[in-house]
Every structure is written in C-alpha cells, then in structure tokens.
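Structure data (TSV, C-alpha atoms) from structure-v1.tsv:
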```tsv
chain	number	residue	atom	x	y	z
Q	1	MET	CA	0.00	0.00	0.00
Q	2	THR	CA	1.49	3.34	-1.04
Q	3	THR	CA	0.24	6.90	-1.08
Q	4	GLU	CA	1.72	9.62	-3.25
Q	5	THR	CA	1.55	13.34	-2.82
Q	6	THR	CA	1.16	14.48	-6.40
Q	7	GLU	CA	-1.50	16.85	-7.67
Q	8	GLU	CA	-4.10	14.16	-7.25
Q	9	ARG	CA	-3.44	11.57	-4.60
Q	10	LYS	CA	-3.48	7.90	-5.41
Q	11	ILE	CA	-3.86	4.98	-3.04
Q	12	ASP	CA	-2.91	1.48	-4.10
Q	13	LEU	CA	-5.14	-1.14	-2.50
Q	14	THR	CA	-4.24	-4.03	-4.78
Q	15	GLY	CA	-3.74	-7.35	-3.06
Q	16	LEU	CA	-5.74	-6.30	-0.02
Q	17	LYS	CA	-8.76	-8.31	1.11
Q	18	CYS	CA	-11.88	-7.28	3.00
Q	19	PRO	CA	-11.98	-5.29	5.28
Q	20	MET	CA	-8.50	-3.84	4.59
Q	21	PRO	CA	-9.38	-1.65	1.55
Q	22	ILE	CA	-11.95	0.38	3.49
Q	23	VAL	CA	-9.76	0.40	6.61
Q	24	GLN	CA	-7.02	2.01	4.47
Q	25	LEU	CA	-9.50	4.48	2.92
Q	26	ASN	CA	-10.60	5.47	6.42
Q	27	LYS	CA	-6.95	5.99	7.40
Q	28	LEU	CA	-6.29	8.15	4.33
Q	29	MET	CA	-9.26	10.39	5.18
Q	30	LYS	CA	-7.44	11.57	8.29
Q	31	GLU	CA	-4.61	12.92	6.12
Q	32	LEU	CA	-6.82	14.72	3.60
Q	33	GLY	CA	-8.71	18.00	3.80
Q	34	GLU	CA	-12.28	18.65	2.79
Q	35	GLY	CA	-12.77	18.73	-0.96
Q	36	ASP	CA	-9.53	16.81	-1.64
Q	37	GLN	CA	-9.83	14.34	-4.45
Q	38	PHE	CA	-8.03	11.01	-4.71
Q	39	THR	CA	-7.93	7.83	-6.78
Q	40	ALA	CA	-8.11	4.37	-5.22
Q	41	VAL	CA	-6.99	1.31	-7.17
Q	42	ALA	CA	-8.03	-2.14	-5.94
Q	43	ASP	CA	-8.42	-5.70	-7.22
Q	44	ASP	CA	-10.66	-7.21	-4.53
Q	45	PRO	CA	-13.99	-8.00	-6.27
Q	46	ALA	CA	-15.79	-6.97	-3.06
Q	47	PHE	CA	-14.49	-3.44	-3.60
Q	48	CYS	CA	-17.15	-2.73	-6.31
Q	49	LEU	CA	-20.06	-2.68	-3.90
Q	50	ASP	CA	-18.00	-1.89	-0.81
Q	51	VAL	CA	-16.56	1.40	-2.04
Q	52	GLU	CA	-20.04	2.55	-3.01
Q	53	ALA	CA	-21.44	1.57	0.40
Q	54	TRP	CA	-18.46	3.13	2.19
Q	55	CYS	CA	-19.02	6.45	0.38
Q	56	LYS	CA	-22.73	6.35	1.15
Q	57	LYS	CA	-22.08	5.61	4.81
Q	58	THR	CA	-19.28	8.14	5.33
Q	59	GLY	CA	-20.73	10.86	3.09
Q	60	HIS	CA	-17.70	11.13	0.79
Q	61	GLU	CA	-18.47	11.57	-2.89
Q	62	LEU	CA	-17.81	8.79	-5.39
Q	63	LEU	CA	-17.07	10.77	-8.54
Q	64	ARG	CA	-16.17	7.92	-10.87
Q	65	PHE	CA	-15.83	4.16	-10.79
Q	66	GLU	CA	-14.22	1.98	-13.44
Q	67	ASN	CA	-14.06	-1.78	-13.59
Q	68	THR	CA	-11.62	-2.93	-16.24
Q	69	GLU	CA	-9.97	-6.33	-16.40
Q	70	LYS	CA	-9.95	-7.00	-12.65
Q	71	ARG	CA	-8.64	-3.49	-12.02
Q	72	LEU	CA	-11.04	-1.37	-10.00
Q	73	VAL	CA	-10.50	2.37	-9.99
Q	74	ALA	CA	-12.52	4.74	-7.82
Q	75	VAL	CA	-12.22	8.52	-7.79
Q	76	ILE	CA	-13.46	9.95	-4.52
Q	77	ARG	CA	-13.81	13.45	-3.13
Q	78	LYS	CA	-13.62	13.93	0.62
Q	79	LYS	CA	-16.58	15.62	2.25
Q	80	ASP	CA	-16.63	16.91	5.78
A	81	MET	CA	-63.89	38.61	19.80
A	82	SER	CA	-60.17	39.53	19.68
A	83	THR	CA	-59.56	38.07	23.15
A	84	ALA	CA	-61.08	34.79	21.96
A	85	VAL	CA	-58.68	34.71	18.99
A	86	ALA	CA	-55.73	35.53	21.26
A	87	THR	CA	-56.65	32.74	23.67
A	88	SER	CA	-57.01	30.19	20.89
A	89	THR	CA	-53.65	31.24	19.36
A	90	PHE	CA	-52.04	30.93	22.77
A	91	GLU	CA	-53.54	27.45	23.15
A	92	ASP	CA	-52.30	26.46	19.69
A	93	ILE	CA	-48.78	27.57	20.54
A	94	SER	CA	-48.71	25.79	23.88
A	95	SER	CA	-50.01	22.56	22.33
A	96	LEU	CA	-47.35	22.85	19.60
A	97	LYS	CA	-44.70	23.37	22.28
A	98	GLN	CA	-45.87	20.24	24.04
A	99	ARG	CA	-45.70	18.23	20.81
A	100	ILE	CA	-42.20	19.48	20.07
A	101	GLU	CA	-41.07	18.51	23.56
A	102	GLU	CA	-42.51	15.03	23.12
A	103	LEU	CA	-40.80	14.64	19.74
A	104	GLU	CA	-37.49	15.83	21.17
A	105	LYS	CA	-37.73	13.24	23.90
A	106	LYS	CA	-38.46	10.55	21.31
A	107	THR	CA	-35.50	11.46	19.12
A	108	GLN	CA	-33.21	11.50	22.14
A	109	ASN	CA	-34.05	7.87	22.81
A	110	ALA	CA	-34.11	6.82	19.14
A	111	PRO	CA	-31.53	4.23	18.07
A	112	ASP	CA	-28.50	5.63	16.27
A	113	ALA	CA	-28.16	4.40	12.67
A	114	ASN	CA	-24.46	5.08	12.97
A	115	ALA	CA	-23.96	2.68	15.87
A	116	ILE	CA	-23.65	-1.09	15.89
A	117	SER	CA	-23.46	-3.44	18.84
A	118	MET	CA	-22.46	-7.08	18.84
A	119	VAL	CA	-22.78	-10.03	21.19
A	120	VAL	CA	-19.72	-12.20	20.64
A	121	PHE	CA	-20.56	-15.56	22.19
A	122	SER	CA	-18.36	-18.02	20.32
A	123	GLY	CA	-14.65	-18.47	20.93
A	124	ASP	CA	-14.11	-20.23	17.60
A	125	LEU	CA	-11.51	-18.73	15.27
A	126	ASP	CA	-13.83	-18.40	12.27
A	127	LYS	CA	-16.57	-16.70	14.27
A	128	LEU	CA	-14.13	-14.34	15.98
A	129	LEU	CA	-12.73	-13.48	12.54
A	130	ALA	CA	-16.23	-12.70	11.25
A	131	ALA	CA	-16.96	-10.58	14.34
A	132	PHE	CA	-13.76	-8.54	13.98
A	133	VAL	CA	-14.09	-8.12	10.19
A	134	ILE	CA	-17.56	-6.64	10.71
A	135	ALA	CA	-16.41	-4.55	13.68
A	136	THR	CA	-13.37	-3.06	11.92
A	137	GLY	CA	-15.34	-2.58	8.69
A	138	ALA	CA	-18.09	-0.72	10.53
A	139	ALA	CA	-15.54	1.43	12.35
A	140	ALA	CA	-13.85	2.21	9.01
A	141	CYS	CA	-17.27	3.39	7.79
A	142	GLY	CA	-17.27	5.84	10.68
A	143	MET	CA	-19.65	3.88	12.88
A	144	ASN	CA	-19.49	3.56	16.66
A	145	VAL	CA	-18.86	-0.09	17.40
A	146	SER	CA	-19.28	-1.86	20.72
A	147	MET	CA	-18.61	-5.56	21.17
A	148	PHE	CA	-19.96	-7.47	24.16
A	149	PHE	CA	-17.95	-10.63	24.87
A	150	THR	CA	-19.66	-13.39	26.79
A	151	PHE	CA	-19.18	-17.12	27.48
A	152	TRP	CA	-16.68	-18.86	25.18
A	153	ALA	CA	-15.77	-15.61	23.47
A	154	THR	CA	-14.49	-14.31	26.83
A	155	ALA	CA	-11.92	-17.12	26.85
A	156	GLY	CA	-11.18	-16.20	23.21
A	157	LEU	CA	-9.71	-12.91	24.47
A	158	LYS	CA	-7.12	-14.66	26.65
A	159	LYS	CA	-3.51	-14.02	25.78
A	160	ASN	CA	-0.87	-16.70	25.55
A	161	GLY	CA	0.83	-17.48	28.84
A	162	PRO	CA	0.57	-19.23	32.20
A	163	GLN	CA	-2.61	-19.17	34.30
A	164	ALA	CA	-3.09	-16.53	36.98
A	165	LYS	CA	-2.46	-17.52	40.61
A	166	GLY	CA	-5.12	-18.14	43.20
A	167	LYS	CA	-7.56	-20.30	41.21
A	168	THR	CA	-9.65	-23.21	42.45
A	169	LEU	CA	-9.14	-26.66	40.90
A	170	ILE	CA	-12.23	-26.29	38.68
A	171	GLU	CA	-11.11	-22.85	37.54
A	172	LYS	CA	-7.68	-24.26	36.71
A	173	MET	CA	-9.36	-27.00	34.68
A	174	PHE	CA	-11.29	-24.36	32.74
A	175	GLY	CA	-7.95	-22.69	32.09
A	176	TRP	CA	-6.40	-25.90	30.73
A	177	MET	CA	-9.39	-26.58	28.50
A	178	LEU	CA	-9.49	-23.01	27.20
A	179	PRO	CA	-5.88	-22.06	26.46
A	180	GLY	CA	-5.07	-18.46	25.60
A	181	GLY	CA	-3.55	-17.00	22.45
A	182	PHE	CA	-5.23	-16.25	19.13
A	183	HIS	CA	-3.20	-19.00	17.41
A	184	LYS	CA	-4.86	-21.59	19.65
A	185	ARG	CA	-8.42	-20.70	18.59
A	186	LYS	CA	-10.15	-23.62	16.88
A	187	LEU	CA	-12.36	-23.56	13.79
A	188	SER	CA	-16.05	-24.28	14.38
A	189	GLN	CA	-15.95	-26.66	11.40
A	190	MET	CA	-13.22	-28.71	9.74
A	191	ASP	CA	-10.71	-28.08	12.53
A	192	MET	CA	-9.60	-31.73	12.30
A	193	MET	CA	-7.44	-31.66	15.45
A	194	GLY	CA	-5.67	-28.53	14.24
A	195	MET	CA	-5.03	-29.66	10.65
A	196	GLY	CA	-7.86	-27.54	9.25
A	197	ARG	CA	-6.67	-24.56	11.26
A	198	LEU	CA	-3.16	-24.96	9.90
A	199	LEU	CA	-4.38	-25.07	6.31
A	200	MET	CA	-6.70	-22.12	6.93
A	201	ASN	CA	-3.88	-20.02	8.39
A	202	ARG	CA	-1.67	-20.86	5.40
A	203	GLU	CA	-4.35	-19.93	2.91
A	204	MET	CA	-5.11	-16.70	4.78
A	205	ALA	CA	-1.46	-15.67	4.64
A	206	LYS	CA	-1.22	-16.61	0.96
A	207	LYS	CA	-4.36	-14.67	0.04
A	208	ARG	CA	-3.50	-11.78	2.32
A	209	VAL	CA	-6.56	-12.10	4.50
A	210	PRO	CA	-5.82	-10.31	7.79
A	211	THR	CA	-5.24	-12.54	10.82
A	212	LEU	CA	-7.25	-12.32	14.03
A	213	ALA	CA	-4.36	-10.60	15.82
A	214	GLU	CA	-4.10	-8.00	13.03
A	215	LEU	CA	-7.85	-7.37	13.09
A	216	VAL	CA	-7.82	-6.87	16.87
A	217	GLN	CA	-5.00	-4.33	16.42
A	218	ILE	CA	-7.03	-2.48	13.76
A	219	ALA	CA	-10.08	-2.55	16.05
A	220	GLU	CA	-7.92	-0.96	18.75
A	221	ASP	CA	-6.69	1.74	16.33
A	222	LEU	CA	-10.27	2.49	15.27
A	223	GLU	CA	-11.43	2.71	18.89
A	224	VAL	CA	-13.83	-0.22	18.81
A	225	SER	CA	-14.97	-0.74	22.38
A	226	ILE	CA	-14.88	-4.18	23.97
A	227	ASP	CA	-17.07	-4.94	26.98
A	228	VAL	CA	-16.41	-8.22	28.72
A	229	CYS	CA	-19.12	-10.06	30.63
A	230	GLU	CA	-18.03	-10.12	34.28
A	231	MET	CA	-20.24	-13.14	34.97
A	232	SER	CA	-18.40	-15.25	32.34
A	233	MET	CA	-15.06	-14.12	33.77
A	234	SER	CA	-15.90	-15.27	37.28
A	235	LEU	CA	-17.71	-18.42	36.08
A	236	MET	CA	-14.67	-19.65	34.18
A	237	GLY	CA	-12.23	-18.20	36.68
A	238	ILE	CA	-10.58	-15.93	34.11
A	239	LYS	CA	-8.59	-13.11	35.70
A	240	PRO	CA	-8.32	-9.65	34.04
A	241	GLU	CA	-4.53	-10.03	33.78
A	242	GLU	CA	-5.05	-13.11	31.57
A	243	LEU	CA	-6.85	-11.09	28.87
A	244	ILE	CA	-5.20	-9.28	25.95
A	245	ASP	CA	-3.93	-5.76	26.51
A	246	TYR	CA	-6.63	-3.63	24.91
A	247	PRO	CA	-7.06	-0.01	25.98
A	248	ASN	CA	-10.77	0.24	25.21
A	249	LEU	CA	-11.73	-2.84	27.26
A	250	SER	CA	-14.01	-2.80	30.29
A	251	TYR	CA	-15.91	-5.30	32.41
A	252	CYS	CA	-19.65	-5.11	32.67
A	253	GLY	CA	-22.97	-6.87	33.02
A	254	VAL	CA	-25.97	-7.33	30.78
A	255	ALA	CA	-27.41	-3.88	31.54
A	256	ARG	CA	-24.47	-2.21	29.80
A	257	PHE	CA	-24.99	-4.39	26.72
A	258	LEU	CA	-28.73	-3.63	26.68
A	259	GLU	CA	-28.05	0.08	26.95
A	260	GLN	CA	-25.60	-0.17	24.02
A	261	SER	CA	-27.83	-2.34	21.84
A	262	SER	CA	-31.02	-0.37	22.39
A	263	SER	CA	-29.26	2.84	21.41
A	264	SER	CA	-27.89	1.32	18.19
A	265	ASN	CA	-29.87	0.36	15.12
A	266	THR	CA	-28.09	-2.94	14.58
A	267	THR	CA	-27.25	-5.73	16.99
A	268	LEU	CA	-25.56	-8.94	15.91
A	269	PHE	CA	-25.10	-12.21	17.78
A	270	ILE	CA	-22.03	-14.18	16.75
```
Could you render the structure as structure tokens?
Amino acid sequence: MTTETTEERKIDLTGLKCPMPIVQLNKLMKELGEGDQFTAVADDPAFCLDVEAWCKKTGHELLRFENTEKRLVAVIRKKD
Amino acid sequence: MSTAVATSTFEDISSLKQRIEELEKKTQNAPDANAISMVVFSGDLDKLLAAFVIATGAAACGMNVSMFFTFWATAGLKKNGPQAKGKTLIEKMFGWMLPGGFHKRKLSQMDMMGMGRLLMNREMAKKRVPTLAELVQIAEDLEVSIDVCEMSMSLMGIKPEELIDYPNLSYCGVARFLEQSSSSNTTLFI
C-alpha cells in the first residue's frame, strides 16, 4: 500500500482483502482536507459494492468508478 | 372577539410546544443508525474473525462499534501465557481446557485436530486475509470498544490479567450491553 503526494493523490489497495481496503481508505481520510480528491486502485472484487457503500455511509463523494480487467479504480472526493 | 382569537392562538402555541417537547424526547431515545453493537458468544476462530471483520469494517465506515464478549468468546480474548495464581481446581481445569492465544483458537468446522486450522492459516497468509491478531490491532486503532461479561469471567475463573492488553476494554454486566444495543440500530449475535 502506497500513497503519493502528487496533484491528485493515489492509493494502491491491490492485493488487499476485506476489510482492509476500506480500513485504508478510512486511514487516508485523516490525512486529507475537505474537498480533496483522490484515486483508489483495488483488485478485490468486493471493492465494487464496498466502495459505493463506504461512500454512502461516510458521506464522501464517489465521482467515478471503473471496472476494467480486474482493475477497480474509484475517484473519490472527501466531504466533511 | 379579539380576546377569543388571542386565547385560541395561545392554546395552539402551547399545544405545539408540548408536541415538540414530546418529539425531542423521542429522538433523544431513538436508536443511532451510525452505531452497531455485537454479542460475541463463540470463541471459535472463524466466528471471531467474522466478528472482527464486521467490527473493523463498521468502524472504518465511521460507525461507533461496541462488542460485548460473553461465554466462550471471553476465553477467546485470553492471551498466551501461564494461568493466573489463586484459582480453584475447577477454575484451573477451565484454564487448561481453554488455552489463551489467538493462534490456539479452533475452527467451528473442519478443525480436524488442528489440521484444518493450519491449512486455513496458510491460505489466509497466501491470500493476504488479515489474521485475528491483526484485526484486533485495527479494532484498537479504530477505537472499537470491547465490553467483557463479568459473569463469564468469574464463572470460568478468568482473571483480568489473563486477557489481551486492549485499551478500550471494560468489564460489565448485561445492563451495559442492553443500553448499548437499544441505542444502536443494529445488533448482531455471533
């Protein structure tokens, strides 16, 4: 798991199994400010529905979700 | 005429006030959709894993999580090591039958004298599924609260110093669990 501080932050969740992807997302939220946008990349099939549910539950905005060839990419904006 | 109108308006307002007060009282006691409480009854590895996956997942979703450990699950929180001093013979026997340490937890099915457990642990490591010890650490980081049933502790002769070191752990009775579960929208029994 790595996080980069480029213009848009990216978090690599590949290889992680439930519940670790959302545990890591929750951790990342503590480092970000309101309105910050980031991309999460995962390969756990559970992530499809889980990232949607996590956003709904926490109130963060799921801007985009792509599912291509076992690679799941979610773009999320942090809300307060 | 105008006094009659004034009186009726005054009555309307006071009845509205009363209704608001009643509603406020109701919402104060309403269960919190952002809280979850769990009864953890089983000390089996698979069931403890399920309990802690749900607990850490809920906490990662920003929920308040409280876990109530009772009966065999209480023994499931014992750490590895010798028994505490000052136990009766029966209490010592309970201690021998219920050894501490997460690695000694059995599977509820297919344990096969430890063979199943061994295979399960290997597969979990290979597929990067978090272990019970890791999940308990995450639960600690996410401030999941653990309440341990005092009755189970004394029944099985388990001493507080035999349990894992967990900052958010306290000992309680059923009233505490009921208070937690009735103020949360979801309660699970595992």
Do you have, as CSV, the list of residues of chain A lying at most 6 Å from chain Q, each with its nearest atom pair and that distance in Å to one decimal, counting only C-alpha atoms and ordered by chain then number?
```
residue,atom,partner,partner_atom,distance
A:Gly137,CA,Q:Pro19,CA,5.5
A:Ala140,CA,Q:Val23,CA,5.1
A:Cys141,CA,Q:Thr58,CA,5.7
A:Val209,CA,Q:Lys17,CA,5.5
```
Problem - Distance of atom CA of A:Phe149 from atom CA of A:Gly253, expressed in Å to one decimal place - result: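 The value is 10.3 Å.
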Exercise for the section: Quick one: pull the distance between atom CA of A:Pro111 and atom CA of Q:Lys78, Å, one decimal. Expected result: 26.8 Å
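Shortest atom-to-atom contact with Q:Leu13 among A:Arg208, A:Ile244, A:Phe174, A:Asp227: A:Arg208, counting only C-alpha atoms.
Taking atom CA of A:Met195 and atom CA of A:Ala213 as the two end points, the separation is 19.8 Å.
Of the listed residues (A:Ser188, A:Ser225, A:Asn109, A:Ser250), A:Ser225 comes nearest to A:Ala139; the distances count only C-alpha atoms.
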Rebuild N, CA, C and O atoms on stretch 142-158 of chain A, as a compact mmCIF listing (two decimals), in the frame of the given file?
```txt
# COMPACT_ATOMS: atom_id res chain seq x y z
N GLY A 142 -16.97 4.74 9.77
CA GLY A 142 -17.27 5.84 10.68
C GLY A 142 -18.32 5.53 11.72
O GLY A 142 -18.88 6.43 12.34
N MET A 143 -18.63 4.24 11.91
CA MET A 143 -19.65 3.88 12.88
C MET A 143 -19.06 3.68 14.28
O MET A 143 -17.88 3.37 14.42
N ASN A 144 -19.90 3.87 15.29
CA ASN A 144 -19.49 3.56 16.66
C ASN A 144 -19.76 2.09 16.89
O ASN A 144 -20.88 1.64 16.74
N VAL A 145 -18.73 1.36 17.27
CA VAL A 145 -18.86 -0.09 17.40
C VAL A 145 -18.61 -0.51 18.84
O VAL A 145 -17.59 -0.15 19.43
N SER A 146 -19.55 -1.29 19.40
CA SER A 146 -19.28 -1.86 20.72
C SER A 146 -19.53 -3.36 20.68
O SER A 146 -20.55 -3.83 20.17
N MET A 147 -18.54 -4.10 21.17
CA MET A 147 -18.61 -5.56 21.17
C MET A 147 -18.75 -6.04 22.60
O MET A 147 -17.97 -5.63 23.46
N PHE A 148 -19.74 -6.91 22.83
CA PHE A 148 -19.96 -7.47 24.16
C PHE A 148 -19.53 -8.93 24.13
O PHE A 148 -20.12 -9.74 23.42
N PHE A 149 -18.48 -9.26 24.87
CA PHE A 149 -17.95 -10.63 24.87
C PHE A 149 -18.51 -11.41 26.04
O PHE A 149 -18.39 -10.99 27.19
N THR A 150 -19.12 -12.56 25.73
CA THR A 150 -19.66 -13.39 26.79
C THR A 150 -19.36 -14.86 26.52
O THR A 150 -19.02 -15.24 25.41
N PHE A 151 -19.46 -15.68 27.53
CA PHE A 151 -19.18 -17.12 27.48
C PHE A 151 -17.88 -17.47 26.77
O PHE A 151 -16.85 -16.93 27.12
N TRP A 152 -17.92 -18.33 25.76
CA TRP A 152 -16.68 -18.86 25.18
C TRP A 152 -15.85 -17.77 24.53
O TRP A 152 -14.62 -17.90 24.42
N ALA A 153 -16.51 -16.71 24.09
CA ALA A 153 -15.77 -15.61 23.47
C ALA A 153 -14.88 -14.90 24.50
O ALA A 153 -13.83 -14.37 24.14
N THR A 154 -15.30 -14.92 25.77
CA THR A 154 -14.49 -14.31 26.83
C THR A 154 -13.13 -15.01 26.89
O THR A 154 -12.08 -14.36 26.94
N ALA A 155 -13.17 -16.34 26.84
CA ALA A 155 -11.92 -17.12 26.85
C ALA A 155 -11.13 -16.86 25.56
O ALA A 155 -9.91 -16.99 25.55
N GLY A 156 -11.84 -16.51 24.49
CA GLY A 156 -11.18 -16.20 23.21
C GLY A 156 -10.32 -14.95 23.29
O GLY A 156 -9.48 -14.72 22.43
N LEU A 157 -10.51 -14.13 24.31
CA LEU A 157 -9.71 -12.91 24.47
C LEU A 157 -8.49 -13.12 25.35
O LEU A 157 -7.75 -12.19 25.64
N LYS A 158 -8.29 -14.39 25.79
CA LYS A 158 -7.12 -14.66 26.65
C LYS A 158 -5.84 -14.60 25.84
O LYS A 158 -5.80 -15.03 24.69
```
